[in-house]
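K.L.:
What follows is the file input.tsv, containing TSV, C-alpha atoms:
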chain	number	residue	atom	x	y	z
A	1401	ARG	CA	-0.12	7.42	20.63
A	1402	LEU	CA	-1.52	4.08	19.52
A	1403	ALA	CA	-1.23	1.98	22.66
A	1404	GLY	CA	-3.63	-0.96	22.37
A	1405	HIS	CA	-4.03	-0.47	18.60
A	1406	ARG	CA	-3.82	-3.73	16.62
A	1407	ALA	CA	-2.67	-3.42	12.99
A	1408	LEU	CA	-2.08	-5.77	10.07
A	1409	ILE	CA	0.34	-4.73	7.32
A	1410	ALA	CA	0.31	-6.91	4.21
A	1411	GLY	CA	3.66	-6.42	2.50
A	1412	GLY	CA	5.26	-5.30	5.76
A	1413	SER	CA	8.72	-6.79	5.37
A	1414	SER	CA	10.19	-3.99	3.25
A	1415	GLY	CA	9.64	-0.55	1.76
A	1416	ILE	CA	6.44	1.31	2.56
A	1417	GLY	CA	5.05	-1.51	4.70
A	1418	LEU	CA	8.18	-1.73	6.83
A	1419	ALA	CA	8.34	2.03	7.32
A	1420	THR	CA	4.68	2.03	8.38
A	1421	ALA	CA	5.31	-0.76	10.86
A	1422	GLU	CA	8.12	1.29	12.40
A	1423	LEU	CA	5.85	4.31	12.91
A	1424	LEU	CA	3.03	2.30	14.46
A	1425	LEU	CA	5.35	0.35	16.75
A	1426	ALA	CA	7.02	3.56	17.94
A	1427	GLU	CA	3.60	4.69	19.16
A	1428	GLY	CA	2.83	1.49	21.06
A	1429	ALA	CA	0.76	-0.49	18.57
A	1430	THR	CA	0.71	-4.25	18.17
A	1431	VAL	CA	1.71	-4.77	14.53
A	1432	THR	CA	1.49	-7.95	12.48
A	1433	ILE	CA	3.46	-7.95	9.25
A	1434	THR	CA	2.74	-10.50	6.57
A	1435	GLY	CA	4.01	-11.56	3.16
A	1436	ARG	CA	5.10	-14.58	1.15
A	1437	ASN	CA	8.80	-14.59	1.99
A	1438	VAL	CA	9.15	-16.02	5.49
A	1439	GLU	CA	12.88	-15.29	5.73
A	1440	LYS	CA	12.31	-11.62	4.90
A	1441	LEU	CA	9.49	-11.43	7.44
A	1442	GLN	CA	11.67	-12.93	10.16
A	1443	ALA	CA	14.50	-10.53	9.38
A	1444	ALA	CA	12.14	-7.55	9.29
A	1445	ALA	CA	10.52	-8.51	12.58
A	1446	LYS	CA	13.92	-8.83	14.20
A	1447	SER	CA	14.98	-5.42	12.91
A	1448	LEU	CA	11.78	-3.91	14.35
A	1449	GLU	CA	12.20	-5.34	17.84
A	1450	VAL	CA	14.26	-2.38	19.06
A	1451	VAL	CA	11.64	0.10	17.82
A	1452	ALA	CA	8.87	-1.96	19.38
A	1453	LYS	CA	10.62	-2.16	22.74
A	1454	ALA	CA	11.35	1.57	22.83
A	1455	GLY	CA	7.79	2.51	21.88
A	1456	GLY	CA	5.96	-0.07	23.94
A	1457	GLY	CA	4.65	-1.87	20.86
A	1458	THR	CA	4.68	-5.53	19.86
A	1459	ILE	CA	5.83	-6.93	16.52
A	1460	GLN	CA	4.44	-10.19	15.09
A	1461	TRP	CA	4.70	-11.88	11.72
A	1462	ILE	CA	2.89	-14.57	9.75
A	1463	GLY	CA	3.53	-15.92	6.28
A	1464	CYS	CA	0.75	-15.23	3.79
A	1465	ASP	CA	0.23	-15.20	0.03
A	1466	VAL	CA	-2.09	-12.21	-0.36
A	1467	MET	CA	-3.47	-13.66	-3.59
A	1468	ASN	CA	-4.91	-16.54	-1.53
A	1469	GLY	CA	-8.12	-15.79	0.36
A	1470	ALA	CA	-7.74	-18.59	2.91
A	1471	GLU	CA	-4.27	-17.38	3.84
A	1472	VAL	CA	-5.40	-13.76	4.14
A	1473	ARG	CA	-8.25	-14.86	6.41
A	1474	GLN	CA	-5.74	-16.75	8.56
A	1475	ALA	CA	-3.41	-13.75	8.76
A	1476	VAL	CA	-6.29	-11.48	9.82
A	1477	ALA	CA	-7.30	-13.93	12.56
A	1478	PHE	CA	-3.71	-14.04	13.78
A	1479	ALA	CA	-3.52	-10.24	13.86
A	1480	GLU	CA	-6.83	-10.06	15.75
A	1481	GLY	CA	-5.41	-12.31	18.44
A	1482	GLY	CA	-8.87	-13.11	19.76
A	1483	LEU	CA	-9.42	-9.41	20.47
A	1484	ARG	CA	-10.01	-7.09	17.51
A	1485	LEU	CA	-8.34	-5.55	14.49
A	1486	ASP	CA	-8.12	-1.75	14.42
A	1487	SER	CA	-6.38	-1.20	11.10
A	1488	ALA	CA	-5.20	-3.00	7.99
A	1489	VAL	CA	-2.83	-1.77	5.31
A	1490	ALA	CA	-2.44	-3.54	1.95
A	1491	VAL	CA	0.76	-2.70	0.07
A	1492	PRO	CA	1.25	-5.41	-2.61
A	1493	GLY	CA	0.99	-4.64	-6.32
A	1494	GLY	CA	3.26	-4.02	-9.26
A	1495	GLY	CA	3.62	-3.65	-13.00
A	1496	GLN	CA	5.99	-3.62	-15.93
A	1497	PHE	CA	6.58	-1.30	-18.87
A	1498	ARG	CA	4.95	-2.61	-22.05
A	1499	PRO	CA	3.10	-0.99	-24.98
A	1500	VAL	CA	-0.66	-1.19	-24.66
A	1501	LEU	CA	-0.86	-3.27	-27.86
A	1502	GLY	CA	1.97	-5.54	-26.77
A	1503	TYR	CA	0.46	-7.45	-23.84
A	1504	PRO	CA	-0.21	-11.16	-24.23
A	1505	ASP	CA	-3.89	-11.50	-23.38
A	1506	ASP	CA	-3.39	-13.42	-20.15
A	1507	LEU	CA	-0.53	-11.21	-18.96
A	1508	PHE	CA	-2.71	-8.10	-19.08
A	1509	SER	CA	-5.39	-9.77	-16.96
A	1510	ALA	CA	-2.83	-11.20	-14.56
A	1511	GLU	CA	-1.24	-7.82	-13.97
A	1512	VAL	CA	-4.58	-6.16	-13.29
A	1513	GLU	CA	-5.39	-8.94	-10.82
A	1514	GLN	CA	-1.95	-8.60	-9.20
A	1515	ASN	CA	-2.93	-5.08	-8.21
A	1516	VAL	CA	-6.60	-5.56	-7.33
A	1517	ARG	CA	-6.92	-9.00	-5.74
A	1518	PRO	CA	-4.60	-8.47	-2.74
A	1519	GLN	CA	-6.30	-5.17	-1.94
A	1520	TYR	CA	-9.74	-6.76	-2.13
A	1521	LEU	CA	-8.86	-9.81	-0.04
A	1522	VAL	CA	-7.30	-7.71	2.73
A	1523	LEU	CA	-10.28	-5.36	2.65
A	1524	LYS	CA	-12.74	-8.26	2.75
A	1525	TYR	CA	-11.28	-10.23	5.64
A	1526	ALA	CA	-10.05	-7.25	7.64
A	1527	GLY	CA	-13.46	-5.65	7.10
A	1528	LEU	CA	-15.25	-8.72	8.44
A	1529	ALA	CA	-13.00	-8.64	11.51
A	1530	MET	CA	-13.73	-4.95	12.00
A	1531	VAL	CA	-17.48	-5.55	11.80
A	1532	ARG	CA	-17.04	-8.01	14.66
A	1533	GLY	CA	-14.89	-5.52	16.57
A	1534	GLY	CA	-17.09	-2.47	16.07
A	1535	GLY	CA	-15.03	-0.54	13.52
A	1536	GLY	CA	-11.60	0.19	12.13
A	1537	SER	CA	-9.58	1.73	9.33
A	1538	ILE	CA	-8.39	0.12	6.08
A	1539	VAL	CA	-5.75	1.73	3.86
A	1540	ALA	CA	-5.08	0.48	0.33
A	1541	ILE	CA	-1.88	1.41	-1.47
A	1542	SER	CA	-2.74	2.76	-4.91
A	1543	SER	CA	-0.53	4.90	-7.14
A	1544	THR	CA	-0.50	8.16	-9.02
A	1545	ALA	CA	-1.00	5.83	-12.00
A	1546	ALA	CA	-4.68	5.79	-11.05
A	1547	SER	CA	-4.92	9.55	-11.50
A	1548	PHE	CA	-3.44	10.20	-14.93
A	1549	SER	CA	-2.04	8.39	-17.95
A	1550	ASN	CA	1.24	6.57	-17.43
A	1551	ARG	CA	2.35	5.56	-20.91
A	1552	TYR	CA	3.46	1.92	-21.26
A	1553	LEU	CA	1.84	0.99	-17.92
A	1554	SER	CA	-1.73	0.40	-19.05
A	1555	ALA	CA	-2.39	-2.78	-17.03
A	1556	TYR	CA	-0.89	-1.23	-13.90
A	1557	CYS	CA	-2.94	1.96	-14.40
A	1558	ALA	CA	-6.12	-0.06	-14.90
A	1559	GLY	CA	-5.47	-2.08	-11.76
A	1560	LYS	CA	-4.75	0.95	-9.58
A	1561	ALA	CA	-7.79	2.82	-10.90
A	1562	ALA	CA	-9.86	-0.22	-9.94
A	1563	VAL	CA	-8.35	-0.14	-6.45
A	1564	GLU	CA	-9.40	3.47	-5.94
A	1565	GLN	CA	-12.96	2.82	-7.10
A	1566	LEU	CA	-13.08	-0.22	-4.81
A	1567	VAL	CA	-12.01	2.05	-1.94
A	1568	ARG	CA	-14.83	4.49	-2.67
A	1569	VAL	CA	-17.54	1.83	-2.90
A	1570	ALA	CA	-16.28	0.00	0.19
A	1571	ALA	CA	-16.16	3.24	2.17
A	1572	ASP	CA	-19.73	4.00	1.10
A	1573	GLU	CA	-20.97	0.58	2.19
A	1574	LEU	CA	-18.96	0.16	5.39
A	1575	GLY	CA	-19.30	3.60	6.92
A	1576	GLU	CA	-22.43	2.50	8.77
A	1577	LYS	CA	-20.29	-0.18	10.44
A	1578	ASN	CA	-17.81	2.48	11.63
A	1579	ILE	CA	-15.21	1.22	9.16
A	1580	ARG	CA	-13.22	3.79	7.20
A	1581	VAL	CA	-11.57	2.90	3.88
A	1582	ASN	CA	-9.01	5.16	2.20
A	1583	ALA	CA	-6.06	4.90	-0.18
A	1584	VAL	CA	-2.60	6.40	-0.45
A	1585	GLY	CA	-1.23	6.96	-3.97
A	1586	PRO	CA	2.58	7.09	-3.98
A	1587	GLY	CA	4.48	9.00	-6.61
A	1588	LEU	CA	8.09	8.11	-7.45
A	1589	THR	CA	9.23	6.56	-4.16
A	1590	ASN	CA	12.58	4.93	-3.51
A	1591	THR	CA	11.94	1.42	-2.22
A	1592	GLU	CA	13.24	-2.06	-2.86
A	1593	ALA	CA	10.56	-2.54	-5.53
A	1594	THR	CA	11.57	0.61	-7.47
A	1595	GLY	CA	15.32	0.33	-6.94
A	1596	GLY	CA	15.97	-0.46	-10.60
A	1597	MET	CA	14.47	2.84	-11.71
A	1598	PHE	CA	16.70	4.76	-9.34
A	1599	LEU	CA	19.79	3.27	-11.01
A	1600	ASN	CA	18.86	5.23	-14.13
A	1601	ASP	CA	19.64	8.90	-13.49
A	1602	ALA	CA	17.88	10.00	-16.68
A	1603	VAL	CA	14.61	8.38	-15.56
A	1604	VAL	CA	14.80	10.02	-12.14
A	1605	ARG	CA	15.52	13.42	-13.72
A	1606	ARG	CA	12.50	13.08	-16.01
A	1607	PHE	CA	10.27	12.40	-13.01
A	1608	LEU	CA	11.69	15.29	-10.98
A	1609	ASP	CA	11.12	17.66	-13.88
A	1610	GLN	CA	7.40	16.94	-13.47
A	1611	GLN	CA	7.32	17.54	-9.71
A	1612	PRO	CA	6.94	20.90	-7.97
A	1613	LEU	CA	8.84	19.41	-5.01
A	1614	GLY	CA	12.09	18.37	-6.58
A	1615	ARG	CA	13.10	15.27	-4.67
A	1616	PRO	CA	12.14	11.60	-4.88
A	1617	GLY	CA	9.82	10.22	-2.26
A	1618	GLN	CA	11.00	7.93	0.50
A	1619	ALA	CA	9.10	5.11	2.18
A	1620	ILE	CA	8.67	7.26	5.29
A	1621	ASP	CA	6.74	9.88	3.27
A	1622	GLN	CA	4.12	7.26	2.44
A	1623	ALA	CA	4.21	5.77	5.94
A	1624	ARG	CA	3.35	9.11	7.53
A	1625	ALA	CA	0.26	9.44	5.35
A	1626	ILE	CA	-0.79	5.89	6.21
A	1627	ARG	CA	-0.23	6.56	9.92
A	1628	PHE	CA	-2.54	9.56	9.67
A	1629	LEU	CA	-5.27	7.54	7.94
A	1630	VAL	CA	-5.22	4.67	10.46
A	1631	GLY	CA	-5.05	6.94	13.49
A	1632	PRO	CA	-7.54	8.93	15.55
A	1633	GLU	CA	-6.69	12.19	13.74
A	1634	SER	CA	-8.63	11.05	10.65
A	1635	THR	CA	-11.83	9.64	12.13
A	1636	TRP	CA	-14.03	11.78	9.83
A	1637	ILE	CA	-12.20	10.84	6.63
A	1638	THR	CA	-13.28	7.96	4.42
A	1639	GLY	CA	-13.43	7.12	0.72
A	1640	GLN	CA	-10.45	9.36	-0.07
A	1641	CYS	CA	-7.40	8.70	-2.24
A	1642	LEU	CA	-4.46	10.80	-1.06
A	1643	ASN	CA	-1.62	11.20	-3.56
A	1644	VAL	CA	1.74	11.55	-1.81
A	1645	ASP	CA	3.80	12.50	-4.83
A	1646	GLY	CA	5.66	15.78	-4.47
A	1647	GLY	CA	2.93	17.37	-6.59
A	1648	HIS	CA	3.56	15.09	-9.58
A	1649	THR	CA	-0.14	14.75	-10.43
A	1650	LEU	CA	-0.31	18.51	-10.95
A	1651	ARG	CA	1.69	17.96	-14.13
A	1652	ALA	CA	2.18	14.84	-16.24
A	1653	PHE	CA	3.82	11.46	-16.36
A	1654	PRO	CA	7.26	11.78	-17.98
A	1655	ASP	CA	8.05	10.51	-21.45
A	1656	LEU	CA	10.42	7.58	-20.87
A	1657	LYS	CA	10.49	5.95	-24.30
A	1658	ASP	CA	14.05	7.10	-25.06
A	1659	VAL	CA	15.59	6.33	-21.65
Let me see whether you can do it: turn the structure in this file into C-alpha coordinates.

P.N.:
Amino acid sequence: RLAGHRALIAGGSSGIGLATAELLLAEGATVTITGRNVEKLQAAAKSLEVVAKAGGGTIQWIGCDVMNGAEVRQAVAFAEGGLRLDSAVAVPGGGQFRPVLGYPDDLFSAEVEQNVRPQYLVLKYAGLAMVRGGGGSIVAISSTAASFSNRYLSAYCAGKAAVEQLVRVAADELGEKNIRVNAVGPGLTNTEATGGMFLNDAVVRRFLDQQPLGRPGQAIDQARAIRFLVGPESTWITGQCLNVDGGHTLRAFPDLKDV
(Lines of atoms letter the chains of each structure in order from A and count residues from 1; the text may use other names and numbers.)
(Lines give C-alpha, C1' and ligand atoms only; values in the text may rest on other atoms or scores of the structure.)
Protein backbone atom coordinates (compact mmCIF):
# COMPACT_ATOMS: atom_id res chain seq x y z
CA ARG A 1 0.00 0.00 0.00
CA LEU A 2 0.93 3.63 -0.52
CA ALA A 3 -0.25 5.26 2.69
CA GLY A 4 1.59 8.56 3.12
CA HIS A 5 2.70 8.61 -0.53
CA ARG A 6 2.24 12.00 -2.21
CA ALA A 7 1.79 11.96 -6.00
CA LEU A 8 1.27 14.53 -8.75
CA ILE A 9 -0.42 13.46 -11.99
CA ALA A 10 -0.27 15.98 -14.82
CA GLY A 11 -3.14 15.17 -17.16
CA GLY A 12 -5.03 13.41 -14.38
CA SER A 13 -8.59 14.36 -15.26
CA SER A 14 -9.16 11.64 -17.87
CA GLY A 15 -7.75 8.54 -19.54
CA ILE A 16 -4.45 7.14 -18.33
CA GLY A 17 -3.96 9.86 -15.72
CA LEU A 18 -7.39 9.32 -14.20
CA ALA A 19 -6.95 5.54 -14.10
CA THR A 20 -3.59 6.01 -12.38
CA ALA A 21 -5.11 8.33 -9.81
CA GLU A 22 -7.72 5.68 -9.01
CA LEU A 23 -5.06 3.03 -8.38
CA LEU A 24 -2.96 5.26 -6.15
CA LEU A 25 -5.94 6.52 -4.17
CA ALA A 26 -7.17 2.96 -3.61
CA GLU A 27 -3.86 2.25 -1.88
CA GLY A 28 -4.01 5.28 0.42
CA ALA A 29 -1.95 7.86 -1.45
CA THR A 30 -2.51 11.60 -1.49
CA VAL A 31 -2.96 12.39 -5.18
CA THR A 32 -2.98 15.79 -6.86
CA ILE A 33 -4.35 15.87 -10.39
CA THR A 34 -3.66 18.81 -12.64
CA GLY A 35 -4.52 20.06 -16.11
CA ARG A 36 -5.78 23.09 -18.00
CA ASN A 37 -9.52 22.40 -17.86
CA VAL A 38 -10.70 23.31 -14.37
CA GLU A 39 -14.22 21.97 -14.90
CA LYS A 40 -12.87 18.57 -15.94
CA LEU A 41 -10.52 18.53 -12.96
CA GLN A 42 -13.35 19.31 -10.56
CA ALA A 43 -15.54 16.60 -12.07
CA ALA A 44 -12.70 14.07 -11.99
CA ALA A 45 -11.85 14.87 -8.38
CA LYS A 46 -15.48 14.44 -7.40
CA SER A 47 -15.67 11.09 -9.18
CA LEU A 48 -12.54 9.95 -7.31
CA GLU A 49 -13.79 10.85 -3.84
CA VAL A 50 -15.45 7.46 -3.31
CA VAL A 51 -12.26 5.61 -4.26
CA ALA A 52 -10.20 7.89 -2.03
CA LYS A 53 -12.50 7.39 0.95
CA ALA A 54 -12.54 3.60 0.56
CA GLY A 55 -8.76 3.38 0.20
CA GLY A 56 -7.80 5.95 2.80
CA GLY A 57 -6.34 8.30 0.19
CA THR A 58 -6.87 12.00 -0.46
CA ILE A 59 -7.68 13.60 -3.81
CA GLN A 60 -6.69 17.19 -4.64
CA TRP A 61 -6.68 19.21 -7.84
CA ILE A 62 -5.08 22.38 -9.18
CA GLY A 63 -5.36 24.03 -12.57
CA CYS A 64 -2.13 24.11 -14.55
CA ASP A 65 -0.99 24.62 -18.13
CA VAL A 66 1.86 22.11 -18.36
CA MET A 67 3.48 24.16 -21.13
CA ASN A 68 4.01 26.96 -18.58
CA GLY A 69 6.94 26.51 -16.21
CA ALA A 70 5.64 28.88 -13.53
CA GLU A 71 2.34 27.02 -13.37
CA VAL A 72 4.04 23.62 -13.20
CA ARG A 73 6.22 24.87 -10.35
CA GLN A 74 3.10 26.06 -8.54
CA ALA A 75 1.35 22.72 -9.05
CA VAL A 76 4.36 20.83 -7.69
CA ALA A 77 4.45 23.05 -4.60
CA PHE A 78 0.74 22.43 -4.06
CA ALA A 79 1.23 18.68 -4.37
CA GLU A 80 4.16 18.80 -1.92
CA GLY A 81 1.93 20.44 0.65
CA GLY A 82 4.91 21.62 2.67
CA LEU A 83 6.00 18.00 3.12
CA ARG A 84 7.48 16.18 0.12
CA LEU A 85 6.64 14.78 -3.29
CA ASP A 86 7.13 11.04 -3.74
CA SER A 87 6.10 10.62 -7.37
CA ALA A 88 5.15 12.57 -10.46
CA VAL A 89 3.52 11.32 -13.64
CA ALA A 90 3.38 13.40 -16.83
CA VAL A 91 0.75 12.29 -19.35
CA PRO A 92 0.23 15.20 -21.81
CA GLY A 93 1.25 14.94 -25.46
CA GLY A 94 -0.36 14.33 -28.82
CA GLY A 95 -0.01 14.36 -32.57
CA GLN A 96 -1.81 14.32 -35.89
CA PHE A 97 -1.47 12.31 -39.08
CA ARG A 98 0.40 14.25 -41.77
CA PRO A 99 2.97 13.32 -44.44
CA VAL A 100 6.53 14.08 -43.41
CA LEU A 101 6.88 16.54 -46.31
CA GLY A 102 3.55 18.18 -45.56
CA TYR A 103 4.17 19.93 -42.24
CA PRO A 104 4.22 23.72 -42.16
CA ASP A 105 7.59 24.54 -40.61
CA ASP A 106 6.21 25.94 -37.37
CA LEU A 107 3.64 23.17 -36.94
CA PHE A 108 6.34 20.49 -36.94
CA SER A 109 8.28 22.30 -34.21
CA ALA A 110 5.14 23.00 -32.21
CA GLU A 111 4.11 19.36 -32.24
CA VAL A 112 7.53 18.18 -31.10
CA GLU A 113 7.40 20.74 -28.28
CA GLN A 114 3.86 19.65 -27.37
CA ASN A 115 5.27 16.24 -26.54
CA VAL A 116 8.60 17.19 -24.95
CA ARG A 117 8.03 20.41 -23.03
CA PRO A 118 5.37 19.15 -20.56
CA GLN A 119 7.48 16.10 -19.77
CA TYR A 120 10.56 18.23 -19.17
CA LEU A 121 8.81 20.82 -17.01
CA VAL A 122 7.21 18.17 -14.78
CA LEU A 123 10.54 16.36 -14.53
CA LYS A 124 12.38 19.58 -13.70
CA TYR A 125 10.12 20.93 -10.97
CA ALA A 126 9.14 17.57 -9.51
CA GLY A 127 12.82 16.61 -9.56
CA LEU A 128 13.78 19.74 -7.63
CA ALA A 129 11.11 18.92 -5.05
CA MET A 130 12.39 15.36 -4.77
CA VAL A 131 15.96 16.59 -4.22
CA ARG A 132 14.60 18.58 -1.27
CA GLY A 133 12.65 15.56 -0.04
CA GLY A 134 15.41 12.98 -0.39
CA GLY A 135 14.20 11.07 -3.45
CA GLY A 136 11.23 9.98 -5.51
CA SER A 137 10.02 8.49 -8.78
CA ILE A 138 9.12 10.27 -12.03
CA VAL A 139 7.22 8.54 -14.83
CA ALA A 140 6.94 10.09 -18.30
CA ILE A 141 4.31 8.89 -20.74
CA SER A 142 5.96 8.12 -24.07
CA SER A 143 4.57 5.95 -26.86
CA THR A 144 5.45 2.97 -29.01
CA ALA A 145 6.01 5.71 -31.62
CA ALA A 146 9.41 6.23 -30.00
CA SER A 147 10.40 2.63 -30.74
CA PHE A 148 9.65 2.18 -34.42
CA SER A 149 8.48 4.10 -37.47
CA ASN A 150 4.88 5.29 -37.41
CA ARG A 151 4.20 6.52 -40.93
CA TYR A 152 2.53 9.96 -41.13
CA LEU A 153 3.37 10.71 -37.48
CA SER A 154 6.92 12.01 -37.87
CA ALA A 155 6.64 14.98 -35.48
CA TYR A 156 4.95 12.84 -32.84
CA CYS A 157 7.60 10.11 -33.24
CA ALA A 158 10.40 12.66 -32.96
CA GLY A 159 8.87 14.14 -29.82
CA LYS A 160 8.36 10.79 -28.10
CA ALA A 161 11.87 9.61 -29.00
CA ALA A 162 13.17 12.81 -27.40
CA VAL A 163 11.13 12.06 -24.27
CA GLU A 164 12.72 8.63 -23.91
CA GLN A 165 16.24 9.98 -24.32
CA LEU A 166 15.42 12.70 -21.78
CA VAL A 167 14.32 9.95 -19.38
CA ARG A 168 17.62 8.10 -19.79
CA VAL A 169 19.80 11.17 -19.27
CA ALA A 170 17.73 12.39 -16.31
CA ALA A 171 17.87 8.95 -14.70
CA ASP A 172 21.65 8.91 -15.15
CA GLU A 173 22.05 12.33 -13.54
CA LEU A 174 19.49 12.02 -10.74
CA GLY A 175 20.19 8.52 -9.49
CA GLU A 176 22.72 9.88 -7.01
CA LYS A 177 19.87 11.95 -5.52
CA ASN A 178 17.75 8.80 -5.06
CA ILE A 179 15.41 9.92 -7.85
CA ARG A 180 14.28 7.32 -10.37
CA VAL A 181 13.08 8.33 -13.85
CA ASN A 182 11.28 5.91 -16.17
CA ALA A 183 8.77 5.98 -19.02
CA VAL A 184 5.73 3.99 -20.07
CA GLY A 185 5.09 3.65 -23.81
CA PRO A 186 1.43 2.91 -24.55
CA GLY A 187 0.37 1.06 -27.65
CA LEU A 188 -3.15 1.45 -29.06
CA THR A 189 -5.08 2.38 -25.91
CA ASN A 190 -8.73 3.35 -25.75
CA THR A 191 -8.96 6.74 -24.04
CA GLU A 192 -10.75 10.01 -24.59
CA ALA A 193 -7.79 11.24 -26.66
CA THR A 194 -7.87 8.24 -29.04
CA GLY A 195 -11.64 7.84 -29.19
CA GLY A 196 -11.81 8.96 -32.81
CA MET A 197 -9.57 6.10 -33.93
CA PHE A 198 -11.79 3.57 -32.20
CA LEU A 199 -14.77 4.73 -34.27
CA ASN A 200 -12.98 3.35 -37.33
CA ASP A 201 -13.19 -0.44 -37.19
CA ALA A 202 -10.75 -0.85 -40.08
CA VAL A 203 -8.06 1.13 -38.23
CA VAL A 204 -8.53 -0.93 -35.07
CA ARG A 205 -8.34 -4.18 -37.06
CA ARG A 206 -5.09 -3.08 -38.71
CA PHE A 207 -3.56 -2.43 -35.30
CA LEU A 208 -4.75 -5.73 -33.84
CA ASP A 209 -3.28 -7.61 -36.79
CA GLN A 210 0.12 -6.34 -35.64
CA GLN A 211 -0.32 -7.38 -31.99
CA PRO A 212 0.36 -10.82 -30.53
CA LEU A 213 -2.24 -10.03 -27.85
CA GLY A 214 -5.31 -9.35 -29.90
CA ARG A 215 -7.18 -6.71 -27.93
CA PRO A 216 -6.87 -2.94 -27.62
CA GLY A 217 -5.31 -1.53 -24.49
CA GLN A 218 -7.33 0.18 -21.81
CA ALA A 219 -6.28 3.04 -19.55
CA ILE A 220 -5.99 0.62 -16.62
CA ASP A 221 -3.31 -1.38 -18.48
CA GLN A 222 -1.10 1.70 -18.56
CA ALA A 223 -2.04 2.72 -15.02
CA ARG A 224 -0.87 -0.61 -13.62
CA ALA A 225 2.54 -0.16 -15.20
CA ILE A 226 2.77 3.38 -13.84
CA ARG A 227 1.73 2.18 -10.38
CA PHE A 228 4.56 -0.36 -10.47
CA LEU A 229 7.13 2.27 -11.46
CA VAL A 230 6.14 4.76 -8.75
CA GLY A 231 5.88 2.14 -6.03
CA PRO A 232 8.31 0.35 -3.73
CA GLU A 233 8.38 -2.76 -5.96
CA SER A 234 10.57 -0.96 -8.51
CA THR A 235 13.17 0.76 -6.34
CA TRP A 236 16.07 -0.69 -8.38
CA ILE A 237 14.66 0.32 -11.76
CA THR A 238 15.55 3.59 -13.46
CA GLY A 239 16.17 4.89 -16.98
CA GLN A 240 13.82 2.31 -18.51
CA CYS A 241 11.11 2.73 -21.14
CA LEU A 242 8.44 0.05 -20.72
CA ASN A 243 6.17 -0.49 -23.73
CA VAL A 244 2.68 -1.58 -22.68
CA ASP A 245 1.37 -2.48 -26.10
CA GLY A 246 0.09 -6.04 -26.40
CA GLY A 247 3.39 -6.89 -28.11
CA HIS A 248 2.86 -4.40 -30.94
CA THR A 249 6.52 -3.36 -31.05
CA LEU A 250 7.46 -6.95 -31.88
CA ARG A 251 5.95 -6.34 -35.31
CA ALA A 252 5.26 -3.11 -37.18
CA PHE A 253 3.09 -0.05 -37.29
CA PRO A 254 0.08 -0.72 -39.55
CA ASP A 255 -0.33 0.82 -42.97
CA LEU A 256 -3.25 3.24 -42.57
CA LYS A 257 -3.05 5.25 -45.79
CA ASP A 258 -6.17 3.64 -47.30
CA VAL A 259 -8.36 3.73 -44.18

K.L.:
Enter the distance from CA of Ala1555 in chain A to CA of Gly1495 in chain A, in Å, rounded to one decimal.

P.N.:
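It comes out at 7.3 Å.
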
K.L.:
Env of Gly1404 in chain A: 12 Å cut, atoms = only C-alpha atoms, seq-sep filter 6 positions within chain, self excluded. Answer as JSON, numbers by chain.

P.N.:
{"A": [1424, 1425, 1427, 1428, 1429, 1430, 1431, 1455, 1456, 1457, 1458, 1480, 1483, 1484, 1485, 1486, 1487, 1631]}

K.L.:
Mind checking which residues fall within 12 Å of Glu1439 in chain A, counting all atoms listed in the file, ignoring those fewer than 3 positions away in the same chain, and posting them as an MDAnalysis selection string?

P.N.:
chainID A and resid 1413:1414 1434:1436 1442:1446 1461:1463

K.L.:
Pick out the closest residue to Ile1433 in chain A from this set: A:Ala1452, A:Ala1403, A:Leu1613, A:Cys1464. Count only C-alpha atoms.

P.N.:
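Checking each candidate against Ile1433 in chain A, we get A:Cys1464 as the closest.
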
K.L.:
Restricting the calculation to all atoms listed in the file: of A:Asp1645, A:Glu1422, A:Glu1573, A:Glu1511, which residue gets closest to Lys1453 in chain A?

P.N.:
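Selected residue with least distance to Lys1453 in chain A: A:Glu1422.
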
K.L.:
Compare A:Met1467, A:Ala1488, A:Asp1621, A:Pro1504 by their minimum atom-to-atom distance to Arg1406 in chain A, counting only C-alpha atoms, and give me the closest one.

P.N.:
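Of all the options, A:Ala1488 lies closest to Arg1406 in chain A.
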
K.L.:
One number please: CA of Val1451 in chain A to CA of Gly1587 in chain A, in Å, one decimal.

P.N.:
27.0 Å

K.L.:
Can you tell me how far CA of Ala1623 in chain A sits from CA of Ala1510 in chain A, in Å to one decimal?

P.N.:
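Rounded to one decimal, the two atoms are 27.5 Å apart.
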
K.L.:
So which one's closest to Ala1426 in chain A, A:Val1438, A:Val1659, A:Ile1626, A:Ala1454? Using all atoms listed in the file, please.

P.N.:
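Looking only at the distances to Ala1426 in chain A, the closest residue turns out to be A:Ala1454.
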
K.L.:
Kindly indicate which residue among A:Ile1538, A:Tyr1525, A:Val1569, A:Asn1643 lies nearest to Ala1477 in chain A, using all atoms listed in the file for the distances.

P.N.:
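For Ala1477 in chain A, the nearest of the given residues is A:Tyr1525.
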
K.L.:
Closest to Leu1448 in chain A among A:Gly1527, A:Gly1412, A:Gly1614, A:Gly1469, using only C-alpha atoms?

P.N.:
A:Gly1412

K.L.:
Kindly provide, as a short mmCIF file (atom, residue, chain, number, x, y, z; two decimals) with C-alpha atoms, in the frame of the given file, the polymer residues lying within 12 Å of (-13.5, -1.2, -8.9), counting all atoms listed in the file and using the coordinates exactly as they appear in the file.

P.N.:
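Heads up, here's the output in selection.cif:
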data_model
loop_
_atom_site.label_atom_id
_atom_site.label_comp_id
_atom_site.auth_asym_id
_atom_site.auth_seq_id
_atom_site.Cartn_x
_atom_site.Cartn_y
_atom_site.Cartn_z
CA VAL A 1512 -4.58 -6.16 -13.29
CA GLU A 1513 -5.39 -8.94 -10.82
CA ASN A 1515 -2.93 -5.08 -8.21
CA VAL A 1516 -6.60 -5.56 -7.33
CA ARG A 1517 -6.92 -9.00 -5.74
CA GLN A 1519 -6.30 -5.17 -1.94
CA TYR A 1520 -9.74 -6.76 -2.13
CA ALA A 1546 -4.68 5.79 -11.05
CA ALA A 1558 -6.12 -0.06 -14.90
CA GLY A 1559 -5.47 -2.08 -11.76
CA LYS A 1560 -4.75 0.95 -9.58
CA ALA A 1561 -7.79 2.82 -10.90
CA ALA A 1562 -9.86 -0.22 -9.94
CA VAL A 1563 -8.35 -0.14 -6.45
CA GLU A 1564 -9.40 3.47 -5.94
CA GLN A 1565 -12.96 2.82 -7.10
CA LEU A 1566 -13.08 -0.22 -4.81
CA VAL A 1567 -12.01 2.05 -1.94
CA ARG A 1568 -14.83 4.49 -2.67
CA VAL A 1569 -17.54 1.83 -2.90
CA ALA A 1570 -16.28 0.00 0.19
#

K.L.:
Take the point (1.6, 3.3, -17.7) in the file's coordinates, draw a sphere of radius 6 Å around it, and report as a PyMOL selection string every protein, DNA or RNA residue with an atom inside or on it, counting only C-alpha atoms.

P.N.:
chain A and resi 1550-1554+1557

K.L.:
Write out as a PyMOL selection string the residues lying within 10 Å of Ser1634 in chain A, counting only C-alpha atoms and excluding same-chain residues fewer than 5 positions away.

P.N.:
chain A and resi 1537+1580+1627-1629
